[in-house]
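Text of final-v7.txt (compact mmCIF, N, CA and C atoms) as supplied:
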```
# COMPACT_ATOMS: atom_id res chain seq x y z
N MET D 753 -16.68 -16.12 3.06
CA MET D 753 -15.27 -16.33 3.31
C MET D 753 -14.62 -14.98 3.62
N LYS D 754 -13.77 -14.95 4.63
CA LYS D 754 -13.09 -13.72 5.01
C LYS D 754 -11.78 -13.56 4.23
N PRO D 755 -11.39 -12.33 3.97
CA PRO D 755 -10.15 -12.08 3.21
C PRO D 755 -8.91 -12.16 4.11
N GLN D 756 -8.66 -13.33 4.68
CA GLN D 756 -7.59 -13.48 5.68
C GLN D 756 -6.22 -13.05 5.17
N ALA D 757 -5.81 -13.54 4.00
CA ALA D 757 -4.47 -13.20 3.49
C ALA D 757 -4.35 -11.70 3.24
N ALA D 758 -5.38 -11.11 2.66
CA ALA D 758 -5.36 -9.67 2.37
C ALA D 758 -5.30 -8.86 3.66
N LEU D 759 -6.05 -9.27 4.67
CA LEU D 759 -6.05 -8.53 5.94
C LEU D 759 -4.72 -8.69 6.69
N ARG D 760 -4.09 -9.86 6.57
CA ARG D 760 -2.75 -10.02 7.16
C ARG D 760 -1.76 -9.09 6.45
N PHE D 761 -1.90 -8.97 5.14
CA PHE D 761 -1.04 -8.09 4.35
C PHE D 761 -1.20 -6.64 4.83
N VAL D 762 -2.45 -6.20 5.01
CA VAL D 762 -2.72 -4.84 5.51
C VAL D 762 -2.11 -4.66 6.90
N LYS D 763 -2.22 -5.66 7.73
CA LYS D 763 -1.66 -5.57 9.10
C LYS D 763 -0.14 -5.34 9.04
N ARG D 764 0.54 -6.03 8.14
CA ARG D 764 2.00 -5.87 8.00
C ARG D 764 2.32 -4.49 7.41
N ILE D 765 1.49 -4.01 6.47
CA ILE D 765 1.68 -2.66 5.93
C ILE D 765 1.55 -1.64 7.05
N ASN D 766 0.51 -1.76 7.85
CA ASN D 766 0.28 -0.80 8.93
C ASN D 766 1.37 -0.86 10.00
N ALA D 767 2.04 -1.99 10.11
CA ALA D 767 3.15 -2.13 11.05
C ALA D 767 4.47 -1.64 10.43
N HIS D 768 4.43 -1.26 9.15
CA HIS D 768 5.62 -0.82 8.41
C HIS D 768 6.69 -1.92 8.42
N ASP D 769 6.22 -3.15 8.33
CA ASP D 769 7.06 -4.33 8.42
C ASP D 769 7.35 -4.86 7.01
N VAL D 770 8.40 -4.34 6.39
CA VAL D 770 8.73 -4.73 5.02
C VAL D 770 8.97 -6.23 4.93
N ASP D 771 9.71 -6.80 5.88
CA ASP D 771 9.97 -8.24 5.84
C ASP D 771 8.67 -9.03 5.96
N GLY D 772 7.74 -8.55 6.79
CA GLY D 772 6.45 -9.21 6.93
C GLY D 772 5.62 -9.12 5.68
N VAL D 773 5.65 -7.97 5.02
CA VAL D 773 4.94 -7.79 3.75
C VAL D 773 5.51 -8.76 2.72
N ILE D 774 6.83 -8.81 2.63
CA ILE D 774 7.50 -9.69 1.67
C ILE D 774 7.17 -11.15 1.94
N ALA D 775 7.13 -11.54 3.22
CA ALA D 775 6.83 -12.93 3.59
C ALA D 775 5.42 -13.33 3.15
N LEU D 776 4.52 -12.37 3.00
CA LEU D 776 3.15 -12.67 2.59
C LEU D 776 2.94 -12.57 1.08
N MET D 777 4.02 -12.38 0.31
CA MET D 777 3.93 -12.31 -1.15
C MET D 777 4.27 -13.67 -1.75
N THR D 778 3.57 -14.01 -2.84
CA THR D 778 3.98 -15.20 -3.59
C THR D 778 5.29 -14.88 -4.31
N LYS D 779 5.96 -15.91 -4.80
CA LYS D 779 7.24 -15.71 -5.50
C LYS D 779 7.08 -14.84 -6.73
N ASN D 780 5.93 -14.92 -7.39
CA ASN D 780 5.71 -14.13 -8.61
C ASN D 780 4.73 -12.97 -8.35
N HIS D 781 4.74 -12.44 -7.14
CA HIS D 781 3.87 -11.34 -6.73
C HIS D 781 4.01 -10.14 -7.67
N ILE D 782 2.87 -9.49 -7.93
CA ILE D 782 2.83 -8.27 -8.74
C ILE D 782 2.10 -7.20 -7.93
N PHE D 783 2.68 -6.01 -7.87
CA PHE D 783 2.02 -4.84 -7.30
C PHE D 783 1.57 -3.98 -8.48
N VAL D 784 0.30 -3.55 -8.47
CA VAL D 784 -0.22 -2.70 -9.54
C VAL D 784 -0.67 -1.40 -8.90
N ASP D 785 -0.05 -0.29 -9.32
CA ASP D 785 -0.39 1.00 -8.71
C ASP D 785 -1.64 1.60 -9.34
N SER D 786 -2.03 2.75 -8.85
CA SER D 786 -3.29 3.36 -9.29
C SER D 786 -3.24 3.87 -10.73
N LEU D 787 -2.06 3.92 -11.31
CA LEU D 787 -1.93 4.29 -12.72
C LEU D 787 -1.88 3.06 -13.63
N GLY D 788 -1.95 1.87 -13.01
CA GLY D 788 -1.91 0.63 -13.77
C GLY D 788 -0.52 0.11 -14.04
N GLU D 789 0.50 0.76 -13.47
CA GLU D 789 1.87 0.28 -13.63
C GLU D 789 2.08 -0.96 -12.79
N ARG D 790 2.76 -1.94 -13.37
CA ARG D 790 2.98 -3.22 -12.71
C ARG D 790 4.42 -3.32 -12.22
N PHE D 791 4.56 -3.75 -10.96
CA PHE D 791 5.87 -3.90 -10.34
C PHE D 791 6.01 -5.31 -9.78
N PRO D 792 6.84 -6.15 -10.41
CA PRO D 792 7.01 -7.52 -9.92
C PRO D 792 8.09 -7.60 -8.83
N ARG D 793 8.15 -8.75 -8.23
CA ARG D 793 9.26 -9.04 -7.34
C ARG D 793 10.49 -9.26 -8.21
N PRO D 794 11.67 -8.97 -7.75
CA PRO D 794 12.00 -8.49 -6.42
C PRO D 794 11.97 -6.97 -6.28
N GLY D 795 11.75 -6.25 -7.37
CA GLY D 795 11.80 -4.79 -7.31
C GLY D 795 10.82 -4.17 -6.33
N ILE D 796 9.63 -4.76 -6.20
CA ILE D 796 8.63 -4.18 -5.31
C ILE D 796 9.07 -4.27 -3.85
N GLU D 797 9.94 -5.22 -3.54
CA GLU D 797 10.45 -5.33 -2.17
C GLU D 797 11.19 -4.04 -1.79
N LYS D 798 12.05 -3.57 -2.68
CA LYS D 798 12.76 -2.31 -2.46
C LYS D 798 11.77 -1.14 -2.48
N GLY D 799 10.74 -1.25 -3.33
CA GLY D 799 9.72 -0.21 -3.43
C GLY D 799 9.00 0.03 -2.11
N TRP D 800 8.64 -1.05 -1.39
CA TRP D 800 7.98 -0.89 -0.09
C TRP D 800 8.91 -0.16 0.89
N LYS D 801 10.17 -0.54 0.91
CA LYS D 801 11.13 0.12 1.81
C LYS D 801 11.21 1.61 1.49
N GLN D 802 11.33 1.95 0.22
CA GLN D 802 11.41 3.35 -0.19
C GLN D 802 10.12 4.10 0.16
N TYR D 803 8.99 3.45 0.00
CA TYR D 803 7.72 4.12 0.30
C TYR D 803 7.61 4.41 1.80
N PHE D 804 7.99 3.45 2.63
CA PHE D 804 7.95 3.69 4.08
C PHE D 804 8.97 4.74 4.51
N ASP D 805 10.06 4.89 3.78
CA ASP D 805 11.01 5.99 4.06
C ASP D 805 10.36 7.33 3.71
N MET D 806 9.59 7.36 2.63
CA MET D 806 8.97 8.59 2.15
C MET D 806 7.71 8.95 2.97
N VAL D 807 6.98 7.92 3.41
CA VAL D 807 5.76 8.10 4.21
C VAL D 807 5.88 7.16 5.41
N PRO D 808 6.69 7.54 6.42
CA PRO D 808 7.00 6.62 7.52
C PRO D 808 5.80 6.21 8.38
N ASN D 809 4.74 6.99 8.35
CA ASN D 809 3.56 6.63 9.14
C ASN D 809 2.39 6.24 8.24
N TYR D 810 2.69 5.73 7.05
CA TYR D 810 1.65 5.31 6.11
C TYR D 810 0.69 4.34 6.80
N TRP D 811 -0.59 4.50 6.53
CA TRP D 811 -1.59 3.61 7.12
C TRP D 811 -2.68 3.29 6.11
N VAL D 812 -3.32 2.16 6.33
CA VAL D 812 -4.45 1.70 5.55
C VAL D 812 -5.57 1.38 6.53
N LYS D 813 -6.75 1.91 6.29
CA LYS D 813 -7.92 1.60 7.12
C LYS D 813 -8.97 0.95 6.22
N ILE D 814 -9.36 -0.24 6.57
CA ILE D 814 -10.35 -0.98 5.80
C ILE D 814 -11.71 -0.82 6.46
N ASP D 815 -12.68 -0.33 5.69
CA ASP D 815 -14.05 -0.17 6.19
C ASP D 815 -14.93 -1.36 5.82
N ARG D 816 -14.71 -1.92 4.63
CA ARG D 816 -15.49 -3.05 4.16
C ARG D 816 -14.59 -3.98 3.37
N ALA D 817 -14.89 -5.27 3.44
CA ALA D 817 -14.10 -6.25 2.70
C ALA D 817 -15.02 -7.34 2.16
N PHE D 818 -14.74 -7.75 0.94
CA PHE D 818 -15.52 -8.79 0.28
C PHE D 818 -14.55 -9.80 -0.33
N THR D 819 -14.93 -11.05 -0.30
CA THR D 819 -14.09 -12.09 -0.91
C THR D 819 -14.96 -13.03 -1.71
N GLU D 820 -14.46 -13.36 -2.89
CA GLU D 820 -15.08 -14.39 -3.71
C GLU D 820 -13.95 -15.24 -4.26
N GLY D 821 -13.91 -16.47 -3.86
CA GLY D 821 -12.82 -17.34 -4.28
C GLY D 821 -11.50 -16.81 -3.77
N LYS D 822 -10.58 -16.58 -4.70
CA LYS D 822 -9.24 -16.11 -4.32
C LYS D 822 -9.05 -14.62 -4.54
N VAL D 823 -10.15 -13.89 -4.68
CA VAL D 823 -10.07 -12.45 -4.90
C VAL D 823 -10.77 -11.73 -3.75
N SER D 824 -10.07 -10.79 -3.14
CA SER D 824 -10.65 -9.97 -2.08
C SER D 824 -10.65 -8.52 -2.53
N ILE D 825 -11.73 -7.83 -2.18
CA ILE D 825 -11.83 -6.40 -2.44
C ILE D 825 -11.95 -5.69 -1.10
N LEU D 826 -11.06 -4.76 -0.86
CA LEU D 826 -11.01 -4.01 0.39
C LEU D 826 -11.30 -2.55 0.08
N ILE D 827 -12.21 -1.96 0.84
CA ILE D 827 -12.61 -0.57 0.62
C ILE D 827 -12.29 0.22 1.88
N GLY D 828 -11.64 1.36 1.70
CA GLY D 828 -11.30 2.16 2.87
C GLY D 828 -10.57 3.43 2.51
N ARG D 829 -9.56 3.73 3.31
CA ARG D 829 -8.79 4.96 3.15
C ARG D 829 -7.31 4.64 3.40
N ALA D 830 -6.46 5.49 2.83
CA ALA D 830 -5.02 5.40 3.08
C ALA D 830 -4.53 6.80 3.36
N GLY D 831 -3.44 6.89 4.08
CA GLY D 831 -2.89 8.20 4.37
C GLY D 831 -1.56 8.11 5.08
N GLY D 832 -1.07 9.27 5.45
CA GLY D 832 0.20 9.34 6.14
C GLY D 832 0.76 10.74 6.06
N THR D 833 2.04 10.84 6.34
CA THR D 833 2.74 12.12 6.28
C THR D 833 3.92 11.98 5.34
N TYR D 834 3.93 12.77 4.28
CA TYR D 834 5.05 12.78 3.35
C TYR D 834 6.24 13.44 4.02
N VAL D 835 7.40 12.79 3.93
CA VAL D 835 8.64 13.32 4.47
C VAL D 835 9.57 13.60 3.29
N SER D 836 9.95 14.85 3.13
CA SER D 836 10.83 15.22 2.02
C SER D 836 12.23 14.66 2.27
N GLY D 837 13.10 14.91 1.34
CA GLY D 837 14.48 14.43 1.44
C GLY D 837 15.18 14.89 2.70
N LYS D 838 14.66 15.91 3.35
CA LYS D 838 15.27 16.40 4.59
C LYS D 838 14.88 15.55 5.79
N GLY D 839 13.94 14.63 5.60
CA GLY D 839 13.57 13.70 6.66
C GLY D 839 12.78 14.28 7.80
N VAL D 840 12.11 15.40 7.58
CA VAL D 840 11.37 16.06 8.65
C VAL D 840 9.87 15.85 8.42
N GLU D 841 9.18 15.34 9.46
CA GLU D 841 7.72 15.20 9.39
C GLU D 841 7.09 16.53 9.76
N LYS D 842 6.25 17.04 8.86
CA LYS D 842 5.54 18.28 9.12
C LYS D 842 4.04 18.02 9.02
N ARG D 843 3.31 18.57 9.96
CA ARG D 843 1.86 18.36 9.99
C ARG D 843 1.18 18.73 8.66
N GLU D 844 1.65 19.79 8.02
CA GLU D 844 1.03 20.22 6.77
C GLU D 844 1.27 19.22 5.63
N ASN D 845 2.12 18.23 5.85
CA ASN D 845 2.38 17.21 4.85
C ASN D 845 1.55 15.94 5.06
N ASN D 846 0.56 16.02 5.95
CA ASN D 846 -0.37 14.90 6.14
C ASN D 846 -1.31 14.82 4.94
N TRP D 847 -1.68 13.63 4.56
CA TRP D 847 -2.63 13.43 3.48
C TRP D 847 -3.48 12.20 3.78
N GLU D 848 -4.62 12.14 3.12
CA GLU D 848 -5.54 11.01 3.26
C GLU D 848 -6.37 10.94 1.98
N THR D 849 -6.68 9.73 1.55
CA THR D 849 -7.46 9.57 0.33
C THR D 849 -8.28 8.28 0.39
N PRO D 850 -9.46 8.28 -0.22
CA PRO D 850 -10.22 7.03 -0.31
C PRO D 850 -9.46 6.05 -1.22
N ALA D 851 -9.62 4.77 -0.95
CA ALA D 851 -8.91 3.78 -1.75
C ALA D 851 -9.66 2.45 -1.77
N VAL D 852 -9.38 1.70 -2.82
CA VAL D 852 -9.87 0.33 -2.95
C VAL D 852 -8.67 -0.53 -3.33
N TRP D 853 -8.57 -1.67 -2.71
CA TRP D 853 -7.50 -2.61 -3.02
C TRP D 853 -8.12 -3.91 -3.49
N VAL D 854 -7.50 -4.52 -4.48
CA VAL D 854 -7.90 -5.85 -4.94
C VAL D 854 -6.71 -6.77 -4.69
N ALA D 855 -6.96 -7.81 -3.92
CA ALA D 855 -5.90 -8.77 -3.62
C ALA D 855 -6.28 -10.12 -4.24
N ARG D 856 -5.38 -10.62 -5.05
CA ARG D 856 -5.54 -11.98 -5.59
C ARG D 856 -4.59 -12.86 -4.78
N THR D 857 -5.13 -13.91 -4.21
CA THR D 857 -4.31 -14.73 -3.31
C THR D 857 -4.12 -16.14 -3.85
N ARG D 858 -3.08 -16.76 -3.35
CA ARG D 858 -2.77 -18.14 -3.71
C ARG D 858 -2.01 -18.76 -2.54
N ASP D 859 -2.48 -19.87 -2.07
CA ASP D 859 -1.83 -20.60 -0.98
C ASP D 859 -1.58 -19.71 0.25
N GLY D 860 -2.56 -18.87 0.58
CA GLY D 860 -2.46 -18.04 1.78
C GLY D 860 -1.57 -16.83 1.65
N LYS D 861 -1.10 -16.55 0.43
CA LYS D 861 -0.24 -15.39 0.20
C LYS D 861 -0.86 -14.50 -0.87
N VAL D 862 -0.36 -13.29 -0.97
CA VAL D 862 -0.88 -12.33 -1.94
C VAL D 862 -0.08 -12.44 -3.24
N ALA D 863 -0.75 -12.81 -4.30
CA ALA D 863 -0.12 -12.93 -5.62
C ALA D 863 -0.16 -11.61 -6.37
N GLU D 864 -1.23 -10.83 -6.14
CA GLU D 864 -1.33 -9.51 -6.77
C GLU D 864 -1.98 -8.56 -5.77
N TRP D 865 -1.39 -7.39 -5.64
CA TRP D 865 -1.92 -6.32 -4.79
C TRP D 865 -2.12 -5.11 -5.68
N ARG D 866 -3.37 -4.75 -5.92
CA ARG D 866 -3.70 -3.66 -6.83
C ARG D 866 -4.43 -2.58 -6.03
N ILE D 867 -4.01 -1.33 -6.23
CA ILE D 867 -4.64 -0.22 -5.53
C ILE D 867 -5.30 0.73 -6.52
N TYR D 868 -6.49 1.18 -6.13
CA TYR D 868 -7.21 2.21 -6.88
C TYR D 868 -7.39 3.37 -5.90
N SER D 869 -6.70 4.47 -6.16
CA SER D 869 -6.82 5.63 -5.27
C SER D 869 -6.46 6.89 -6.03
N ASP D 870 -6.84 7.99 -5.45
CA ASP D 870 -6.48 9.30 -6.00
C ASP D 870 -5.19 9.73 -5.32
N ASN D 871 -4.11 9.73 -6.04
CA ASN D 871 -2.80 10.10 -5.46
C ASN D 871 -2.53 11.59 -5.47
N GLU D 872 -3.48 12.38 -5.95
CA GLU D 872 -3.26 13.83 -6.02
C GLU D 872 -2.94 14.46 -4.66
N PRO D 873 -3.56 14.03 -3.55
CA PRO D 873 -3.20 14.67 -2.28
C PRO D 873 -1.71 14.58 -1.94
N ILE D 874 -1.10 13.42 -2.12
CA ILE D 874 0.33 13.32 -1.81
C ILE D 874 1.16 13.97 -2.91
N ARG D 875 0.72 13.89 -4.16
CA ARG D 875 1.47 14.53 -5.24
C ARG D 875 1.54 16.05 -5.05
N ALA D 876 0.43 16.65 -4.61
CA ALA D 876 0.41 18.10 -4.36
C ALA D 876 1.41 18.47 -3.27
N ILE D 877 1.46 17.67 -2.23
CA ILE D 877 2.42 17.91 -1.13
C ILE D 877 3.85 17.75 -1.64
N MET D 878 4.09 16.75 -2.47
CA MET D 878 5.43 16.53 -3.02
C MET D 878 5.86 17.69 -3.90
N ARG D 879 4.93 18.20 -4.73
CA ARG D 879 5.27 19.35 -5.59
C ARG D 879 5.61 20.57 -4.73
N LYS D 880 4.81 20.80 -3.72
CA LYS D 880 5.01 21.94 -2.83
C LYS D 880 6.36 21.82 -2.10
N SER D 881 6.69 20.62 -1.65
CA SER D 881 7.93 20.39 -0.90
C SER D 881 9.16 20.56 -1.77
N SER D 882 9.02 20.27 -3.09
CA SER D 882 10.18 20.35 -3.97
C SER D 882 10.45 21.76 -4.48
N SER D 883 9.50 22.67 -4.26
CA SER D 883 9.71 24.04 -4.76
C SER D 883 10.31 24.95 -3.71
```
What does this structure look like when you write it as structure tokens?
Amino acid sequence: MKPQAALRFVKRINAHDVDGVIALMTKNHIFVDSLGERFPRPGIEKGWKQYFDMVPNYWVKIDRAFTEGKVSILIGRAGGTYVSGKGVEKRENNWETPAVWVARTRDGKVAEWRIYSDNEPIRAIMRKSSS
């Protein structure tokens, strides 16, 4: 079985389409970040908008995908360019990191989107930009 719902979700993320991402979430959708923090709807809707403002060219590249029942595991990379409060994209603020996503789906939508990644590359850029 192919991870159709999860791959549609990634496609909307890569298009920076907040409304499209939201449309693919279940009503009780939960986003779980790499630190294990849980963000339910509706707060995560605003979170996606803020993230795309901070990393306007954020991208996800999936190299391998596995599905068993309603759980999909996606393996790949994520990256983009951090834009500080000044709104300027600088090449030195590009980052990339390996990542794994676990998507739990229900009725063709994503009920839980969990990411496992090393956020240190973007955190280092953020620290540097704030000093």
Open item on the list: Among chain D, which ones does DSSP assign to helix (DSSP H, G or I) (computed from the backbone)? Answer as a PyMOL selection string.
Closed with: chain D and resi 756-766+770-775+795-806+872-882
I need the residues from that last selection saved to file as a short mmCIF file (atom, residue, chain, number, x, y, z; two decimals), keeping the file's coordinate frame (with N, CA and C atoms), if you can.
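Contents of the output file out-v2.cif:
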```cif
data_model
loop_
_atom_site.label_atom_id
_atom_site.label_comp_id
_atom_site.auth_asym_id
_atom_site.auth_seq_id
_atom_site.Cartn_x
_atom_site.Cartn_y
_atom_site.Cartn_z
N GLN D 756 -8.66 -13.33 4.68
CA GLN D 756 -7.59 -13.48 5.68
C GLN D 756 -6.22 -13.05 5.17
N ALA D 757 -5.81 -13.54 4.00
CA ALA D 757 -4.47 -13.20 3.49
C ALA D 757 -4.35 -11.70 3.24
N ALA D 758 -5.38 -11.11 2.66
CA ALA D 758 -5.36 -9.67 2.37
C ALA D 758 -5.30 -8.86 3.66
N LEU D 759 -6.05 -9.27 4.67
CA LEU D 759 -6.05 -8.53 5.94
C LEU D 759 -4.72 -8.69 6.69
N ARG D 760 -4.09 -9.86 6.57
CA ARG D 760 -2.75 -10.02 7.16
C ARG D 760 -1.76 -9.09 6.45
N PHE D 761 -1.90 -8.97 5.14
CA PHE D 761 -1.04 -8.09 4.35
C PHE D 761 -1.20 -6.64 4.83
N VAL D 762 -2.45 -6.20 5.01
CA VAL D 762 -2.72 -4.84 5.51
C VAL D 762 -2.11 -4.66 6.90
N LYS D 763 -2.22 -5.66 7.73
CA LYS D 763 -1.66 -5.57 9.10
C LYS D 763 -0.14 -5.34 9.04
N ARG D 764 0.54 -6.03 8.14
CA ARG D 764 2.00 -5.87 8.00
C ARG D 764 2.32 -4.49 7.41
N ILE D 765 1.49 -4.01 6.47
CA ILE D 765 1.68 -2.66 5.93
C ILE D 765 1.55 -1.64 7.05
N ASN D 766 0.51 -1.76 7.85
CA ASN D 766 0.28 -0.80 8.93
C ASN D 766 1.37 -0.86 10.00
N VAL D 770 8.40 -4.34 6.39
CA VAL D 770 8.73 -4.73 5.02
C VAL D 770 8.97 -6.23 4.93
N ASP D 771 9.71 -6.80 5.88
CA ASP D 771 9.97 -8.24 5.84
C ASP D 771 8.67 -9.03 5.96
N GLY D 772 7.74 -8.55 6.79
CA GLY D 772 6.45 -9.21 6.93
C GLY D 772 5.62 -9.12 5.68
N VAL D 773 5.65 -7.97 5.02
CA VAL D 773 4.94 -7.79 3.75
C VAL D 773 5.51 -8.76 2.72
N ILE D 774 6.83 -8.81 2.63
CA ILE D 774 7.50 -9.69 1.67
C ILE D 774 7.17 -11.15 1.94
N ALA D 775 7.13 -11.54 3.22
CA ALA D 775 6.83 -12.93 3.59
C ALA D 775 5.42 -13.33 3.15
N GLY D 795 11.75 -6.25 -7.37
CA GLY D 795 11.80 -4.79 -7.31
C GLY D 795 10.82 -4.17 -6.33
N ILE D 796 9.63 -4.76 -6.20
CA ILE D 796 8.63 -4.18 -5.31
C ILE D 796 9.07 -4.27 -3.85
N GLU D 797 9.94 -5.22 -3.54
CA GLU D 797 10.45 -5.33 -2.17
C GLU D 797 11.19 -4.04 -1.79
N LYS D 798 12.05 -3.57 -2.68
CA LYS D 798 12.76 -2.31 -2.46
C LYS D 798 11.77 -1.14 -2.48
N GLY D 799 10.74 -1.25 -3.33
CA GLY D 799 9.72 -0.21 -3.43
C GLY D 799 9.00 0.03 -2.11
N TRP D 800 8.64 -1.05 -1.39
CA TRP D 800 7.98 -0.89 -0.09
C TRP D 800 8.91 -0.16 0.89
N LYS D 801 10.17 -0.54 0.91
CA LYS D 801 11.13 0.12 1.81
C LYS D 801 11.21 1.61 1.49
N GLN D 802 11.33 1.95 0.22
CA GLN D 802 11.41 3.35 -0.19
C GLN D 802 10.12 4.10 0.16
N TYR D 803 8.99 3.45 0.00
CA TYR D 803 7.72 4.12 0.30
C TYR D 803 7.61 4.41 1.80
N PHE D 804 7.99 3.45 2.63
CA PHE D 804 7.95 3.69 4.08
C PHE D 804 8.97 4.74 4.51
N ASP D 805 10.06 4.89 3.78
CA ASP D 805 11.01 5.99 4.06
C ASP D 805 10.36 7.33 3.71
N MET D 806 9.59 7.36 2.63
CA MET D 806 8.97 8.59 2.15
C MET D 806 7.71 8.95 2.97
N GLU D 872 -3.48 12.38 -5.95
CA GLU D 872 -3.26 13.83 -6.02
C GLU D 872 -2.94 14.46 -4.66
N PRO D 873 -3.56 14.03 -3.55
CA PRO D 873 -3.20 14.67 -2.28
C PRO D 873 -1.71 14.58 -1.94
N ILE D 874 -1.10 13.42 -2.12
CA ILE D 874 0.33 13.32 -1.81
C ILE D 874 1.16 13.97 -2.91
N ARG D 875 0.72 13.89 -4.16
CA ARG D 875 1.47 14.53 -5.24
C ARG D 875 1.54 16.05 -5.05
N ALA D 876 0.43 16.65 -4.61
CA ALA D 876 0.41 18.10 -4.36
C ALA D 876 1.41 18.47 -3.27
N ILE D 877 1.46 17.67 -2.23
CA ILE D 877 2.42 17.91 -1.13
C ILE D 877 3.85 17.75 -1.64
N MET D 878 4.09 16.75 -2.47
CA MET D 878 5.43 16.53 -3.02
C MET D 878 5.86 17.69 -3.90
N ARG D 879 4.93 18.20 -4.73
CA ARG D 879 5.27 19.35 -5.59
C ARG D 879 5.61 20.57 -4.73
N LYS D 880 4.81 20.80 -3.72
CA LYS D 880 5.01 21.94 -2.83
C LYS D 880 6.36 21.82 -2.10
N SER D 881 6.69 20.62 -1.65
CA SER D 881 7.93 20.39 -0.90
C SER D 881 9.16 20.56 -1.77
N SER D 882 9.02 20.27 -3.09
CA SER D 882 10.18 20.35 -3.97
C SER D 882 10.45 21.76 -4.48
#
```
Open item on the list: Please report the interatomic distance between CA of Gly832 (chain D) and atom N of Phe818 (chain D) in Å with one decimal.
Closed with: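 Result for CA of Gly832 (chain D) versus atom N of Phe818 (chain D): 23.3 Å, one decimal.
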Open item on the list: Nearest residue to Ile825 (chain D) out of D:Glu848, D:Glu797, D:Glu841, D:Glu864, using only C-alpha atoms?
Closed with: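 Closest to Ile825 (chain D), using only C-alpha atoms: D:Glu864.
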Task: Given all atoms listed in the file as the counted atoms, nearest of D:Ala876, D:Ala758, D:Leu826, D:Val807 to Ala851 (chain D) - done: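 Using all atoms listed in the file, the shortest distance to Ala851 (chain D) belongs to D:Leu826.
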- [ ] Could you check which of D:Val835, D:Val852, D:Ile765, D:Met806 is closest to Tyr868 (chain D), using only N, CA and C atoms?
- [x] D:Val852
- [ ] Have a look at D:Ala767, D:Val773, D:Ile814, D:Ile867 and name the one nearest to Gly788 (chain D); count only C-alpha atoms.
- [x] D:Ile867
Work out where the centre of an axis-aligned box around every listed atom of region 775-780 of chain D lies and how long its edges are once 4 Å is added on each side; give both in Å to one decimal as JSON.
```
{"center_x": 5.1, "center_y": -13.7, "center_z": -2.5, "size_x": 12.3, "size_y": 12.4, "size_z": 20.2}
```
Open item on the list: Need to verify the contact set: Lys822 (chain D), 8 Å, all atoms listed in the file, exclusion of same-chain residues closer than 6 positions in sequence. Can you return it as an MDAnalysis selection string?
Closed with: chainID D and resid 855:858
Residues as selected, N, CA and C atoms, written as a PDB file, in the frame of the given file, can you do that?
```pdb
ATOM      1  N   ALA D 855      -6.960  -7.810  -3.920  1.00  0.00           N
ATOM      2  CA  ALA D 855      -5.900  -8.770  -3.620  1.00  0.00           C
ATOM      3  C   ALA D 855      -6.280 -10.120  -4.240  1.00  0.00           C
ATOM      4  N   ARG D 856      -5.380 -10.620  -5.050  1.00  0.00           N
ATOM      5  CA  ARG D 856      -5.540 -11.980  -5.590  1.00  0.00           C
ATOM      6  C   ARG D 856      -4.590 -12.860  -4.780  1.00  0.00           C
ATOM      7  N   THR D 857      -5.130 -13.910  -4.210  1.00  0.00           N
ATOM      8  CA  THR D 857      -4.310 -14.730  -3.310  1.00  0.00           C
ATOM      9  C   THR D 857      -4.120 -16.140  -3.850  1.00  0.00           C
ATOM     10  N   ARG D 858      -3.080 -16.760  -3.350  1.00  0.00           N
ATOM     11  CA  ARG D 858      -2.770 -18.140  -3.710  1.00  0.00           C
ATOM     12  C   ARG D 858      -2.010 -18.760  -2.540  1.00  0.00           C
TER      13      ARG D 858
END
```
Open item on the list: To one decimal place in Å, what is the distance between CA of Tyr810 (chain D) and atom C of Arg879 (chain D)?
Closed with: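 Going from CA of Tyr810 (chain D) over to atom C of Arg879 (chain D), I get 19.1 Å.
You can rank D:Phe791, D:Phe761, D:Tyr834, D:Trp811 by their closest distance to Val862 (chain D) using only N, CA and C atoms, and at the top of that list sits D:Phe761.
Using all atoms listed in the file for every distance, the candidate list D:Asp769, D:Arg790, D:Pro873, D:Ser824 yields D:Ser824 as the residue closest to Gln756 (chain D).
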Open item on the list: Rounded to one decimal, what separation in Å do you get between CA of Arg866 (chain D) and atom C of Ile782 (chain D)?
Closed with: 6.9 Å
Task: Contacts of Val770 (chain D) at 6.5 Å (all atoms listed in the file; same-chain gap of 4+ positions) as a PyMOL selection string - done: chain D and resi 764+774-775+800-801
TODO: Going by DSSP on the backbone, which bits of chain D are strand (DSSP E)? Write them as a ChimeraX atom specification, please.
DONE: /D:777-784,790-792,811-820,823-835,841-858,861-869
